[in-house]
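I have placed the structure first, in the form of structure tokens, so that the comments after it can refer back to it.
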Amino acid sequence: MDVTKQGLGACYAHVLNMIIAAVISRHMRGETILKDECAWYGMGYLIDTTLGLFLAIVLLRLLDQVANQRDWTSLKNSGVYTGTEGTLHWIHQVLAWLLILTIVKIMIYIFMWLSSEVLAFAGGIIFAPLQKNIRLELMFVMIIFPGFLNIIYFWIADSFLKAKKDQTAAHEPMEMADKKESLLTDEEKPEQEAYSPKAWSTVESNGGLPKAAVS
């Protein structure tokens, strides 16, 4: 389920990155102009996997602190989906992750807009060799470049989204022990009862002999 969470986040981030690239290319500050949306998408992706990842981790840590303080069960143990409400916990965590990505994208847009003149100048130089072949530029910006950066991004983000070792049983229901006991076979139950405290107390009360031997 962690993979699904990451996948939904990646698709959502991809759409937001395209929107940011389209808006920035039409609303830049300064005199330097760069109308190439692919170039803006590539630079946005680079910023997203560096500054954006840092901001996402900070917000995840903040969410974890708030969730523990307010005892939000579905959010205070990220990556844990066990128990009767496991699916509901997963939905809450996905929505929280998408909200964090939205906040991060807004911050990235503001940063890119404020520094759009510098980014436009750098993007014009970096992507100039690719602008002669639009198909090559699309393949580089949409497949090769994101594919390399996503490996690092997902690896780091997953370490914060998945369950920790001390959280793997955080949401297991209280009746789990009863379920395990009900799964014992008829042959295992008498053997288990023979070593129970109740059985030994019966033996002691009968002079050290089992009840059946006394009778």
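We name chains A, B, ... following the order of the structure tokens; residues begin at 1 in each chain, and ligands are numbered from 1 as shown.
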
Helix (DSSP H, G or I) call set, DSSP backbone run, segment 52-137 of chain A, as a ChimeraX atom specification: /A:52-69,73-76,86-114,116-126,134-137

Long-range neighbours of Glu37 of chain A as a VMD selection string, 10 Å cut-off, only C-alpha atoms, 3 positions minimum in chain: chain A and resid 18 to 26 34 40 to 43

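Checking A:Asn17, A:Asn77, A:Ser115, A:Asn150 one by one against Arg61 of chain A, counting only C-alpha atoms, you find the shortest gap at A:Asn77.
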
Coordinates-based distance that separates atom CA of Thr32 of chain A from atom CA of Leu16 of chain A (Å, one decimal): 23.9 Å

Exercise: segment 97-114 of chain A partners within 9 Å, only C-alpha atoms, chain neighbours under 2 positions left out, as a PyMOL selection string: chain A and resi 5-6+8-9+12-13+16-17+20-21+24+27-29+44+47-48+51-53+55-56+59-60+92-95+116-117+119+161

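Pairwise distance (atom CA of Leu138 of chain A, atom CA of Ala39 of chain A) equals 9.4 Å.
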
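Nearest to Lys35 of chain A of all the residues A:Phe140, A:Phe148, A:Phe127, A:Phe154 is A:Phe127, counting only C-alpha atoms.
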
Spatial neighbours of Ile143 of chain A, max dist 12 Å, only C-alpha atoms, sep filter under 6 positions, as an MDAnalysis selection string: chainID A and resid 14 38 41:42 45 135:137 149:150

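Counting from atom CA of Ala10 of chain A, the distance to atom CA of Tyr153 of chain A is 10.1 Å.
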